[in-house]
$ cat data.txt   # compact mmCIF, C-alpha atoms
# COMPACT_ATOMS: atom_id res chain seq x y z
CA MET A 1 4.00 46.10 61.22
CA THR A 2 2.63 48.08 64.14
CA ALA A 3 -0.18 46.83 66.37
CA THR A 4 -2.33 49.87 65.69
CA ALA A 5 -2.16 49.21 61.98
CA THR A 6 -3.44 45.66 62.32
CA THR A 7 -6.27 46.47 64.74
CA ALA A 8 -7.60 49.64 63.15
CA GLU A 9 -11.28 49.59 62.36
CA PRO A 10 -12.19 49.93 58.67
CA GLY A 11 -13.93 53.20 59.24
CA SER A 12 -11.36 54.74 61.56
CA ARG A 13 -9.68 58.06 60.86
CA SER A 14 -6.21 56.47 60.63
CA THR A 15 -7.51 53.92 58.14
CA LEU A 16 -9.07 56.62 55.97
CA GLN A 17 -5.92 58.76 56.07
CA GLY A 18 -3.77 55.76 55.22
CA ARG A 19 -5.91 54.81 52.22
CA LEU A 20 -5.99 58.40 50.96
CA LEU A 21 -2.21 58.62 51.16
CA VAL A 22 -1.82 55.33 49.32
CA PHE A 23 -4.37 56.50 46.74
CA ALA A 24 -2.29 59.64 46.10
CA ALA A 25 0.90 57.58 45.82
CA LEU A 26 -0.68 55.10 43.40
CA ILE A 27 -2.05 57.70 41.01
CA LEU A 28 1.19 59.71 40.96
CA SER A 29 3.17 56.55 40.26
CA ALA A 30 0.75 55.39 37.58
CA PHE A 31 0.96 58.75 35.82
CA THR A 32 4.71 58.33 35.28
CA LEU A 33 4.82 54.63 34.31
CA ARG A 34 5.10 55.43 30.59
CA ALA A 35 6.60 58.93 30.60
CA ALA A 36 10.13 57.72 29.83
CA VAL A 37 8.81 56.01 26.69
CA THR A 38 6.36 58.42 25.07
CA SER A 39 8.27 61.59 25.94
CA VAL A 40 11.23 60.46 23.81
CA SER A 41 9.70 58.60 20.84
CA PRO A 42 8.54 61.74 18.96
CA LEU A 43 12.00 63.27 19.45
CA PHE A 44 14.10 60.36 18.16
CA PRO A 45 14.88 62.04 14.80
CA ARG A 46 16.25 65.26 16.32
CA ILE A 47 18.00 63.48 19.21
CA GLY A 48 19.61 61.18 16.64
CA ASP A 49 20.79 64.19 14.65
CA ASP A 50 22.34 65.73 17.78
CA LEU A 51 23.93 62.59 19.17
CA GLY A 52 24.74 60.90 15.89
CA PHE A 53 22.63 57.75 15.64
CA GLY A 54 20.14 56.42 13.10
CA ALA A 55 17.33 53.93 12.55
CA GLY A 56 19.22 50.94 13.95
CA ALA A 57 19.81 52.69 17.27
CA ILE A 58 16.19 53.85 17.34
CA GLY A 59 15.09 50.22 17.06
CA LEU A 60 17.38 49.24 19.93
CA LEU A 61 16.16 52.13 22.09
CA GLY A 62 12.60 51.12 21.23
CA MET A 63 13.35 47.60 22.47
CA LEU A 64 14.83 48.86 25.75
CA PRO A 65 11.47 49.48 27.55
CA THR A 66 10.22 45.95 27.01
CA ALA A 67 13.63 44.49 27.90
CA MET A 68 13.78 46.35 31.22
CA PHE A 69 10.13 45.68 31.99
CA ALA A 70 10.78 41.98 31.35
CA LEU A 71 13.85 41.87 33.61
CA PHE A 72 12.13 43.63 36.48
CA GLY A 73 8.95 41.71 35.94
CA VAL A 74 10.98 38.69 37.05
CA LEU A 75 12.99 40.45 39.78
CA THR A 76 10.28 42.59 41.39
CA PRO A 77 8.44 39.81 43.28
CA VAL A 78 11.77 38.83 44.85
CA ILE A 79 12.57 42.46 45.70
CA ALA A 80 9.07 43.00 47.14
CA THR A 81 9.35 39.90 49.32
CA ARG A 82 12.55 41.26 50.87
CA LEU A 83 11.67 44.97 51.10
CA GLY A 84 7.88 45.02 51.24
CA LEU A 85 5.52 46.40 48.62
CA GLU A 86 5.62 49.97 49.94
CA ARG A 87 9.41 50.25 50.09
CA THR A 88 9.64 48.68 46.65
CA ALA A 89 7.19 51.26 45.28
CA LEU A 90 9.30 54.03 46.82
CA ALA A 91 12.45 52.67 45.17
CA ALA A 92 10.60 52.46 41.84
CA ALA A 93 9.50 56.09 41.99
CA ALA A 94 13.02 57.26 42.90
CA LEU A 95 14.68 55.32 40.07
CA THR A 96 12.15 56.61 37.56
CA GLY A 97 12.61 60.24 38.54
CA VAL A 98 16.40 60.18 38.67
CA GLY A 99 16.73 58.25 35.42
CA ILE A 100 14.38 60.43 33.39
CA PHE A 101 15.93 63.69 34.59
CA ALA A 102 19.55 62.56 34.21
CA ARG A 103 19.17 61.13 30.70
CA ALA A 104 17.98 64.50 29.43
CA PHE A 105 21.59 65.68 29.74
CA ALA A 106 23.24 62.56 28.31
CA PRO A 107 26.23 63.46 26.10
CA GLY A 108 25.99 60.43 23.80
CA LEU A 109 24.02 57.36 22.78
CA GLY A 110 25.59 55.09 25.42
CA SER A 111 24.75 57.35 28.35
CA LEU A 112 21.29 58.01 26.92
CA ALA A 113 20.61 54.26 26.80
CA LEU A 114 22.10 53.62 30.26
CA LEU A 115 20.13 56.37 32.00
CA SER A 116 16.99 55.42 30.10
CA ALA A 117 17.51 51.91 31.48
CA VAL A 118 17.60 53.32 35.03
CA ALA A 119 14.28 55.11 34.48
CA LEU A 120 12.77 52.06 32.84
CA ALA A 121 13.92 49.85 35.72
CA GLY A 122 11.87 52.02 38.07
CA MET A 123 8.92 51.87 35.72
CA GLY A 124 9.28 48.08 35.38
CA ILE A 125 9.17 47.69 39.16
CA GLY A 126 6.15 49.97 39.31
CA ASN A 127 4.36 47.92 36.64
CA VAL A 128 4.50 44.82 38.83
CA VAL A 129 4.07 46.29 42.28
CA ILE A 130 0.99 48.45 41.69
CA PRO A 131 -1.58 45.65 41.11
CA PRO A 132 -0.84 43.89 44.45
CA LEU A 133 -0.82 47.27 46.22
CA VAL A 134 -4.27 47.94 44.82
CA LYS A 135 -5.37 44.50 46.04
CA ARG A 136 -3.86 45.08 49.47
CA TYR A 137 -5.36 48.49 50.20
CA PHE A 138 -8.49 48.47 48.02
CA SER A 139 -9.67 44.85 47.83
CA ASP A 140 -13.22 46.14 48.32
CA ARG A 141 -12.92 48.50 45.31
CA LEU A 142 -10.88 46.52 42.78
CA ALA A 143 -12.77 47.53 39.62
CA MET A 144 -12.88 51.21 40.57
CA MET A 145 -9.22 51.41 41.56
CA SER A 146 -8.11 49.43 38.54
CA THR A 147 -9.96 51.94 36.35
CA VAL A 148 -8.38 54.90 38.17
CA TYR A 149 -4.76 53.79 38.03
CA ILE A 150 -4.96 52.42 34.49
CA CYS A 151 -6.53 55.69 33.31
CA LEU A 152 -3.73 57.65 34.99
CA LEU A 153 -1.24 55.37 33.28
CA GLN A 154 -2.89 56.15 29.93
CA LEU A 155 -2.86 59.88 30.65
CA GLY A 156 0.84 59.54 31.40
CA THR A 157 1.19 58.01 27.94
CA ILE A 158 -0.83 60.72 26.17
CA VAL A 159 0.46 63.95 27.68
CA PRO A 160 4.22 63.40 27.11
CA SER A 161 3.64 62.44 23.46
CA LEU A 162 1.50 65.52 22.82
CA THR A 163 3.86 67.97 24.51
CA ALA A 164 7.23 66.52 23.45
CA VAL A 165 7.63 68.32 20.10
CA PRO A 166 6.11 71.71 21.12
CA VAL A 167 8.24 71.92 24.26
CA ALA A 168 11.35 70.83 22.33
CA ASP A 169 10.66 73.54 19.74
CA ALA A 170 10.44 76.12 22.54
CA VAL A 171 13.29 75.16 24.89
CA GLY A 172 15.10 72.22 23.28
CA TRP A 173 14.69 68.45 23.46
CA ARG A 174 16.72 68.10 26.65
CA TRP A 175 14.29 70.15 28.74
CA SER A 176 11.39 68.46 27.01
CA LEU A 177 12.67 65.18 28.47
CA ALA A 178 13.80 66.58 31.83
CA MET A 179 10.43 67.96 32.90
CA TRP A 180 9.04 64.43 33.22
CA GLY A 181 11.74 63.60 35.74
CA VAL A 182 10.27 66.27 38.02
CA ALA A 183 6.83 64.70 37.61
CA ALA A 184 8.20 61.28 38.55
CA VAL A 185 9.92 62.63 41.68
CA ALA A 186 6.51 63.86 42.91
CA ALA A 187 5.51 60.24 43.51
CA VAL A 188 8.44 59.83 45.92
CA VAL A 189 6.81 62.13 48.48
CA PRO A 190 3.73 60.07 49.43
CA TRP A 191 5.62 56.77 49.24
CA THR A 192 8.23 58.20 51.62
CA ALA A 193 5.47 59.21 54.04
CA ILE A 194 3.92 55.75 53.82
CA VAL A 195 7.23 54.00 54.51
CA LEU A 196 8.19 56.34 57.35
CA THR A 197 4.87 55.93 59.13
CA ARG A 198 4.89 52.16 58.41
CA LEU A 199 1.35 52.25 57.06
CA THR A 200 -0.08 48.84 56.19
CA ARG A 201 -3.47 47.71 55.05
CA PRO A 202 -5.96 47.77 57.94
CA ALA A 203 -8.73 45.32 58.55
CA ALA A 204 -10.80 45.12 55.40
CA PRO A 205 -13.89 43.38 53.99
CA ALA A 206 -13.71 39.64 53.38
CA VAL A 207 -11.12 38.62 50.82
CA ARG A 208 -12.85 37.94 47.56
CA GLY A 209 -13.17 34.27 46.73
CA ALA A 210 -12.44 32.92 50.24
CA GLU A 211 -14.62 29.90 50.94
CA SER A 212 -14.71 30.00 54.73
CA PRO A 213 -13.96 32.39 57.64
CA ALA A 214 -10.79 30.43 58.36
CA GLN A 215 -9.61 30.69 54.76
CA ASP A 216 -10.49 34.37 54.74
CA ALA A 217 -8.48 34.97 57.90
CA ALA A 218 -5.54 33.05 56.47
CA ALA A 219 -5.65 35.12 53.31
CA GLU A 220 -5.75 38.34 55.31
CA ALA A 221 -2.79 37.18 57.38
CA GLU A 222 -0.96 36.54 54.14
CA LEU A 223 -1.72 40.09 53.03
CA ASP A 224 -0.09 41.45 56.15
CA GLY A 225 2.85 39.09 55.90
CA PRO A 226 5.82 38.59 53.62
CA LEU A 227 5.31 41.50 51.27
CA THR A 228 5.20 43.97 54.16
CA GLU A 229 7.73 42.72 56.69
CA PRO A 230 11.11 41.59 55.29
CA SER A 231 11.54 39.15 58.19
CA ALA A 232 8.33 37.25 57.53
CA ARG A 233 8.38 33.85 55.78
CA PRO A 234 7.22 34.10 52.12
CA VAL A 235 3.86 32.52 51.36
CA ALA A 236 3.61 31.40 47.74
CA PRO A 237 0.67 30.06 45.72
CA PRO A 238 0.36 26.24 46.07
CA VAL A 239 1.54 25.69 42.48
CA PRO A 240 4.20 27.77 40.65
CA VAL A 241 2.64 30.18 38.18
CA TRP A 242 4.68 28.76 35.30
CA ARG A 243 2.93 25.40 35.75
CA THR A 244 -0.55 26.83 35.20
CA SER A 245 -2.35 27.48 31.92
CA LEU A 246 -3.69 30.66 33.53
CA GLY A 247 -0.14 32.00 33.96
CA TRP A 248 0.88 31.22 30.39
CA GLY A 249 -2.38 32.55 28.98
CA MET A 250 -1.92 35.81 30.88
CA ALA A 251 1.72 36.06 29.78
CA GLY A 252 0.85 35.45 26.11
CA MET A 253 -2.00 37.94 26.15
CA PHE A 254 0.20 40.56 27.80
CA ALA A 255 3.16 39.81 25.50
CA MET A 256 1.26 40.28 22.25
CA THR A 257 -0.47 43.43 23.48
CA SER A 258 2.85 44.93 24.56
CA MET A 259 4.61 43.86 21.36
CA VAL A 260 2.09 45.71 19.20
CA THR A 261 1.91 48.72 21.52
CA TYR A 262 5.67 49.31 21.73
CA SER A 263 6.11 48.72 18.01
CA MET A 264 3.58 51.49 17.41
CA LEU A 265 5.06 53.79 20.07
CA THR A 266 8.50 53.41 18.48
CA TRP A 267 7.69 53.45 14.76
CA LEU A 268 4.33 55.17 14.28
CA PRO A 269 5.82 58.70 14.04
CA SER A 270 8.46 57.52 11.53
CA LEU A 271 5.84 55.68 9.46
CA LEU A 272 3.65 58.78 9.25
CA VAL A 273 6.55 61.14 8.49
CA GLU A 274 7.56 58.80 5.67
CA ALA A 275 3.97 59.06 4.37
CA GLY A 276 4.31 62.86 4.16
CA ILE A 277 2.87 63.96 7.50
CA SER A 278 4.71 66.67 9.47
CA GLU A 279 6.90 65.81 12.44
CA GLY A 280 4.60 67.65 14.86
CA ALA A 281 1.47 65.90 13.60
CA ALA A 282 3.25 62.54 13.61
CA GLY A 283 4.27 63.08 17.24
CA ALA A 284 0.72 64.05 18.13
CA SER A 285 -0.46 60.80 16.55
CA LEU A 286 0.91 58.98 19.58
CA GLY A 287 -1.39 61.14 21.70
CA VAL A 288 -4.38 60.07 19.62
CA PHE A 289 -3.27 56.44 19.84
CA ALA A 290 -2.99 56.68 23.63
CA ALA A 291 -6.18 58.73 24.04
CA VAL A 292 -8.23 55.92 22.53
CA GLY A 293 -6.48 53.61 24.96
CA LEU A 294 -7.68 55.90 27.76
CA ALA A 295 -11.28 55.37 26.67
CA GLY A 296 -10.68 51.63 26.76
CA SER A 297 -9.17 51.94 30.23
CA LEU A 298 -12.31 53.66 31.50
CA LEU A 299 -14.49 50.77 30.39
CA ALA A 300 -12.36 47.62 30.37
CA PRO A 301 -11.89 47.06 34.15
CA SER A 302 -15.61 47.36 34.85
CA PHE A 303 -16.69 45.14 31.96
CA THR A 304 -13.97 42.61 32.71
CA SER A 305 -15.03 42.44 36.36
CA ARG A 306 -18.69 41.91 35.48
CA MET A 307 -18.21 39.26 32.82
CA ILE A 308 -17.61 35.63 33.80
CA ASP A 309 -15.52 35.18 30.63
CA PRO A 310 -14.51 38.49 28.97
CA TYR A 311 -13.07 36.80 25.85
CA PRO A 312 -15.58 38.54 23.49
CA ILE A 313 -13.84 41.83 24.30
CA VAL A 314 -10.56 40.34 23.05
CA ILE A 315 -12.19 39.35 19.75
CA GLY A 316 -13.40 42.93 19.27
CA CYS A 317 -9.91 44.26 20.00
CA ALA A 318 -8.39 41.88 17.43
CA VAL A 319 -10.78 43.12 14.74
CA CYS A 320 -9.83 46.74 15.53
CA TYR A 321 -6.13 45.89 15.36
CA LEU A 322 -6.40 44.27 11.94
CA ALA A 323 -8.53 47.05 10.45
CA GLY A 324 -6.12 49.69 11.78
CA PHE A 325 -3.08 47.85 10.44
CA ALA A 326 -4.66 47.69 6.99
CA GLY A 327 -5.32 51.43 6.98
CA LEU A 328 -1.84 52.40 8.16
CA LEU A 329 -0.29 50.09 5.58
CA TRP A 330 -2.28 51.04 2.50
CA ALA A 331 -3.55 54.59 3.19
CA PRO A 332 -1.53 56.12 6.07
CA ALA A 333 -2.03 59.74 4.96
CA THR A 334 -5.74 59.27 4.18
CA GLY A 335 -8.12 58.67 7.06
CA THR A 336 -5.16 58.72 9.46
CA VAL A 337 -7.28 59.52 12.51
CA LEU A 338 -9.59 56.58 11.81
CA TRP A 339 -6.63 54.18 11.60
CA LEU A 340 -5.20 55.58 14.81
CA VAL A 341 -8.53 55.14 16.58
CA LEU A 342 -8.80 51.53 15.44
CA VAL A 343 -5.22 50.63 16.35
CA GLY A 344 -5.60 52.52 19.64
CA ALA A 345 -8.70 50.48 20.55
CA GLY A 346 -6.77 47.22 20.16
CA PRO A 347 -4.64 47.59 23.34
CA THR A 348 -7.79 47.55 25.48
CA THR A 349 -6.45 44.06 26.18
CA PHE A 350 -3.77 45.80 28.31
CA PRO A 351 -6.13 47.12 31.04
CA MET A 352 -7.97 43.81 30.75
CA SER A 353 -4.72 41.99 31.60
CA LEU A 354 -4.01 44.20 34.61
CA THR A 355 -7.56 43.75 35.89
CA LEU A 356 -7.46 39.98 35.41
CA ILE A 357 -4.29 39.78 37.53
CA ASN A 358 -6.40 40.69 40.56
CA LEU A 359 -9.59 38.94 39.46
CA ARG A 360 -7.79 35.62 38.99
CA THR A 361 -6.08 35.70 42.41
CA ARG A 362 -7.29 35.84 46.01
CA THR A 363 -4.39 37.47 47.85
CA ALA A 364 -1.71 40.10 47.41
CA VAL A 365 0.95 37.38 47.31
CA GLY A 366 -0.89 35.56 44.54
CA SER A 367 -1.41 38.85 42.71
CA ALA A 368 2.29 39.70 42.96
CA SER A 369 3.28 36.24 41.69
CA LEU A 370 0.90 36.36 38.72
CA SER A 371 1.81 39.98 37.99
CA GLY A 372 5.53 39.25 38.01
CA PHE A 373 5.22 36.18 35.78
CA THR A 374 2.79 37.84 33.38
CA GLN A 375 4.89 40.95 32.93
CA GLY A 376 8.29 39.26 33.12
CA VAL A 377 7.54 36.68 30.44
CA GLY A 378 5.26 39.05 28.53
CA TYR A 379 7.78 41.86 28.19
CA THR A 380 10.59 39.40 27.37
CA ILE A 381 8.65 38.21 24.34
CA ALA A 382 7.52 41.75 23.50
CA CYS A 383 11.15 42.86 23.16
CA ALA A 384 11.05 41.43 19.65
CA GLY A 385 8.37 43.88 18.58
CA PRO A 386 10.07 47.24 18.01
CA ILE A 387 13.35 45.84 16.68
CA LEU A 388 11.83 43.25 14.29
CA PHE A 389 9.25 45.72 13.05
CA GLY A 390 12.11 48.08 12.17
CA VAL A 391 14.43 45.40 10.77
CA LEU A 392 11.71 44.13 8.44
CA HIS A 393 11.12 47.66 7.22
CA GLU A 394 14.81 48.37 6.73
CA ASN A 395 15.41 45.17 4.78
CA THR A 396 12.34 45.35 2.53
CA GLY A 397 11.99 49.09 2.05
CA GLY A 398 8.27 48.90 2.89
CA TRP A 399 5.99 48.21 5.82
CA GLU A 400 4.17 45.10 4.50
CA TRP A 401 6.28 42.50 6.28
CA SER A 402 6.34 44.61 9.45
CA PHE A 403 2.56 44.56 9.65
CA ALA A 404 2.46 40.87 8.69
CA PHE A 405 4.65 40.24 11.74
CA LEU A 406 2.19 42.10 13.99
CA THR A 407 -0.74 40.25 12.43
CA CYS A 408 0.83 36.96 13.50
CA GLY A 409 1.01 38.44 16.99
CA ILE A 410 -2.75 39.05 16.95
CA ALA A 411 -3.33 35.37 16.14
CA VAL A 412 -1.24 34.39 19.18
CA LEU A 413 -3.15 36.95 21.27
CA LEU A 414 -6.46 35.27 20.44
CA VAL A 415 -5.18 31.85 21.50
CA ALA A 416 -3.52 33.04 24.73
CA ALA A 417 -6.44 35.24 25.81
CA LYS A 418 -8.77 32.24 25.62
CA ALA A 419 -6.81 30.67 28.46
CA ALA A 420 -6.42 33.93 30.39
CA CYS A 421 -10.11 34.85 30.32
CA ARG A 422 -11.50 31.47 31.39
CA PRO A 423 -12.82 31.80 34.98
CA ARG A 424 -10.55 30.20 37.62
CA VAL A 425 -8.23 31.29 40.45
CA LEU A 426 -4.44 30.92 40.61
CA GLU A 427 -4.40 29.74 44.21
CA ASP A 428 -6.63 26.76 43.34
CA GLY A 429 -3.82 25.21 41.27
CA PRO A 430 -4.07 23.42 37.93
CA THR A 431 -6.44 20.67 39.14
CA ARG A 432 -9.24 22.96 40.24
CA GLN A 433 -8.51 25.39 37.38
CA ALA A 434 -9.23 22.61 34.93

$ encode --input "data.txt" --output "structure tokens"
Amino acid sequence: MTATATTAEPGSRSTLQGRLLVFAALILSAFTLRAAVTSVSPLFPRIGDDLGFGAGAIGLLGMLPTAMFALFGVLTPVIATRLGLERTALAAAALTGVGIFARAFAPGLGSLALLSAVALAGMGIGNVVIPPLVKRYFSDRLAMMSTVYICLLQLGTIVPSLTAVPVADAVGWRWSLAMWGVAAVAAVVPWTAIVLTRLTRPAAPAVRGAESPAQDAAAEAELDGPLTEPSARPVAPPVPVWRTSLGWGMAGMFAMTSMVTYSMLTWLPSLLVEAGISEGAAGASLGVFAAVGLAGSLLAPSFTSRMIDPYPIVIGCAVCYLAGFAGLLWAPATGTVLWLVLVGAGPTTFPMSLTLINLRTRTAVGSASLSGFTQGVGYTIACAGPILFGVLHENTGGWEWSFAFLTCGIAVLLVAAKAACRPRVLEDGPTRQA
């Protein structure tokens, strides 16, 4: 870390340029964090016809995102400690771009899955590394920046799902997938500039939650330490995340939200096609589902930041989930948009989770630890979603047991979110949390 970076005044030109460059890198990365998932789901039927796979393989491919996100949720904090947050973000963007573009030309199911895994590895790293980067560079604007990057993430979910079928009709499914690789590579440019110029977070306002000038200075030193310079000694929270009810509450909340979301992203088009809706309209349904999530992303970070205990929001999301499930189960072709809006409002607990990662920690190291545990454990559990949802449908010939499975997930969500939303800070440990 250069001397000029650590002594720059908050209002200096170099500080402003550095934050603008990081801002550009964050929004470009966020925009591609779901492109590998929603650009392919609407095309599964025609890709399966071309490459020779059916519903079982679709379920496995639908499980792949959560499996890779889980694996790299665990590995990313270790990688970031060795490489630094910025270099890790650069590696994530490169893996995402290469994987998405290369898989578009996969000759068979095995190569499609392998190259998808490469793209999803990059996205999994990005999932974990963005929250602490936001905390490092924008600790004075957490709610605003959380809203911005989560909204870009939602846009990156909506646009691929809306364009997948029309572009595939025009130029083929391979180019429909490949174009999102180009978008992902765009994020490599600002991250490369940041790494090459060794930009780090300059002096900033007091770290939120510090109780004294000495504690504040220590927290700032931690920000400039192990996650930036590979040679620095890691500074961990005083108690491992897995020993805190906050960590497990966050992981459970994130797991159930992701389980429902990826079940819908994988199976919603097939469910609607089976109900008599056209392939194009069924693909567009994912866009509606994600668009409602965008509205939630605009509001959730701000409301979550302002509420001491945002648990009432979770209760509202659970009600929306259950009403949407009932509609999709019993009247999927009637009032379809209403059911999509209701189910799409449920995952507002996702931007809540990402916002709480920073609100329930004081430092970038704490944020990275909580982010890694939340997403690693959360996505591991969520892996069951797409495959079990499909297996239950295949074995029963209907969707009743599939939606019963997701309903049980909502019950778990309500219990876990109670622990996640209660006001306390990870760095205080279990004694002061209680």

$ closest_residue --input "data.txt" --among "A:Gly252, A:Pro42, A:Pro65, A:Gly110" --to "Thr374 in chain A" --atoms "only C-alpha atoms"
A:Gly252

$ atom_distance --input "data.txt" --atom1 "CA of Gly247 in chain A" --atom2 "CA of Leu155 in chain A"
28.2 Å

$ atom_distance --input "data.txt" --atom1 "CA of Gly409 in chain A" --atom2 "CA of Pro312 in chain A"
17.8 Å

$ residues_near_point --input "data.txt" --point "(14.9, 44.9, 15.9)" --cutoff "8 Å" --atoms "all atoms listed in the file" --output "ChimeraX atom specification"
/A:56,59-60,63,384-391

$ atom_distance --input "data.txt" --atom1 "CA of Leu95 in chain A" --atom2 "CA of Ser297 in chain A"
26.0 Å

$ closest_residue --input "data.txt" --among "A:Phe44, A:Trp180, A:Phe405, A:Trp267" --to "Leu109 in chain A" --atoms "all atoms listed in the file"
A:Phe44

$ closest_residue --input "data.txt" --among "A:Cys383, A:Ala113, A:Ala170, A:Ala57" --to "Ala70 in chain A" --atoms "all atoms listed in the file"
A:Cys383

$ residues_around --input "data.txt" --residues "Ser176 in chain A" --least-positions-apart "6" --cutoff "6 Å" --atoms "only C-alpha atoms" --output "number ranges by chain"
A: 164, 167-168

$ write_last_selection --input "data.txt" --atoms "C-alpha atoms" --output "PDB file, keeping the file's coordinate frame"
ATOM      1  CA  ALA A 164       7.230  66.520  23.450  1.00  0.00           C
ATOM      2  CA  VAL A 167       8.240  71.920  24.260  1.00  0.00           C
ATOM      3  CA  ALA A 168      11.350  70.830  22.330  1.00  0.00           C
TER       4      ALA A 168
END

$ closest_residue --input "data.txt" --among "A:Ala255, A:Ile315, A:Ala345, A:Val273" --to "Ala291 in chain A" --atoms "only C-alpha atoms"
A:Ala345

$ residues_around --input "data.txt" --residues "range 182-196 of chain A" --least-positions-apart "6" --cutoff "12 Å" --atoms "all atoms listed in the file" --output "VMD selection string"
chain A and resid 1 17 to 36 83 to 102 104 119 to 120 122 to 123 126 133 156 159 to 160 175 to 176 228 to 229

$ closest_residue --input "data.txt" --among "A:Leu356, A:Leu370, A:Val314, A:Ile277" --to "Pro240 in chain A" --atoms "all atoms listed in the file"
A:Leu370

$ closest_residue --input "data.txt" --among "A:Gly181, A:Gly324, A:Gly296, A:Gly372" --to "Ile357 in chain A" --atoms "all atoms listed in the file"
A:Gly372

$ residues_around --input "data.txt" --residues "Thr336 in chain A" --least-positions-apart "4" --cutoff "9 Å" --atoms "only C-alpha atoms" --output "list in words"
Leu272, Ser285, Gly327, Leu328, Ala331, Pro332, Leu340 and Val341 of chain A

$ residues_near_point --input "data.txt" --point "(13.9, 62.6, 21.2)" --cutoff "9 Å" --atoms "only C-alpha atoms" --output "list in words"
Ser39, Val40, Ser41, Pro42, Leu43, Phe44, Pro45, Arg46, Ile47, Gly48, Ala164, Val165, Ala168, Trp173, Arg174, Ser176 and Leu177 of chain A

$ residues_around --input "data.txt" --residues "Tyr379 in chain A" --least-positions-apart "4" --cutoff "12 Å" --atoms "only C-alpha atoms" --output "PDB file with C-alpha atoms, in the frame of the given file"
ATOM      1  CA  MET A  63      13.350  47.600  22.470  1.00  0.00           C
ATOM      2  CA  LEU A  64      14.830  48.860  25.750  1.00  0.00           C
ATOM      3  CA  PRO A  65      11.470  49.480  27.550  1.00  0.00           C
ATOM      4  CA  THR A  66      10.220  45.950  27.010  1.00  0.00           C
ATOM      5  CA  ALA A  67      13.630  44.490  27.900  1.00  0.00           C
ATOM      6  CA  MET A  68      13.780  46.350  31.220  1.00  0.00           C
ATOM      7  CA  PHE A  69      10.130  45.680  31.990  1.00  0.00           C
ATOM      8  CA  ALA A  70      10.780  41.980  31.350  1.00  0.00           C
ATOM      9  CA  LEU A  71      13.850  41.870  33.610  1.00  0.00           C
ATOM     10  CA  PHE A  72      12.130  43.630  36.480  1.00  0.00           C
ATOM     11  CA  GLY A  73       8.950  41.710  35.940  1.00  0.00           C
ATOM     12  CA  VAL A  74      10.980  38.690  37.050  1.00  0.00           C
ATOM     13  CA  GLY A 124       9.280  48.080  35.380  1.00  0.00           C
ATOM     14  CA  ASN A 127       4.360  47.920  36.640  1.00  0.00           C
ATOM     15  CA  VAL A 128       4.500  44.820  38.830  1.00  0.00           C
ATOM     16  CA  MET A 250      -1.920  35.810  30.880  1.00  0.00           C
ATOM     17  CA  ALA A 251       1.720  36.060  29.780  1.00  0.00           C
ATOM     18  CA  GLY A 252       0.850  35.450  26.110  1.00  0.00           C
ATOM     19  CA  MET A 253      -2.000  37.940  26.150  1.00  0.00           C
ATOM     20  CA  PHE A 254       0.200  40.560  27.800  1.00  0.00           C
ATOM     21  CA  ALA A 255       3.160  39.810  25.500  1.00  0.00           C
ATOM     22  CA  MET A 256       1.260  40.280  22.250  1.00  0.00           C
ATOM     23  CA  THR A 257      -0.470  43.430  23.480  1.00  0.00           C
ATOM     24  CA  SER A 258       2.850  44.930  24.560  1.00  0.00           C
ATOM     25  CA  MET A 259       4.610  43.860  21.360  1.00  0.00           C
ATOM     26  CA  VAL A 260       2.090  45.710  19.200  1.00  0.00           C
ATOM     27  CA  THR A 261       1.910  48.720  21.520  1.00  0.00           C
ATOM     28  CA  TYR A 262       5.670  49.310  21.730  1.00  0.00           C
ATOM     29  CA  SER A 371       1.810  39.980  37.990  1.00  0.00           C
ATOM     30  CA  GLY A 372       5.530  39.250  38.010  1.00  0.00           C
ATOM     31  CA  PHE A 373       5.220  36.180  35.780  1.00  0.00           C
ATOM     32  CA  THR A 374       2.790  37.840  33.380  1.00  0.00           C
ATOM     33  CA  GLN A 375       4.890  40.950  32.930  1.00  0.00           C
ATOM     34  CA  CYS A 383      11.150  42.860  23.160  1.00  0.00           C
ATOM     35  CA  ALA A 384      11.050  41.430  19.650  1.00  0.00           C
ATOM     36  CA  GLY A 385       8.370  43.880  18.580  1.00  0.00           C
ATOM     37  CA  PRO A 386      10.070  47.240  18.010  1.00  0.00           C
TER      38      PRO A 386
END

$ residues_around --input "data.txt" --residues "Thr147 in chain A" --least-positions-apart "2" --cutoff "7 Å" --atoms "all atoms listed in the file" --output "number ranges by chain"
A: 143-145, 149-151, 297-298, 301

$ axis_aligned_box --input "data.txt" --around "range 70-74 of chain A" --padding-each-side "8 Å" --output "AutoDock Vina command-line options"
--center_x 11.4 --center_y 41.2 --center_z 34.2 --size_x 20.9 --size_y 20.9 --size_z 21.7
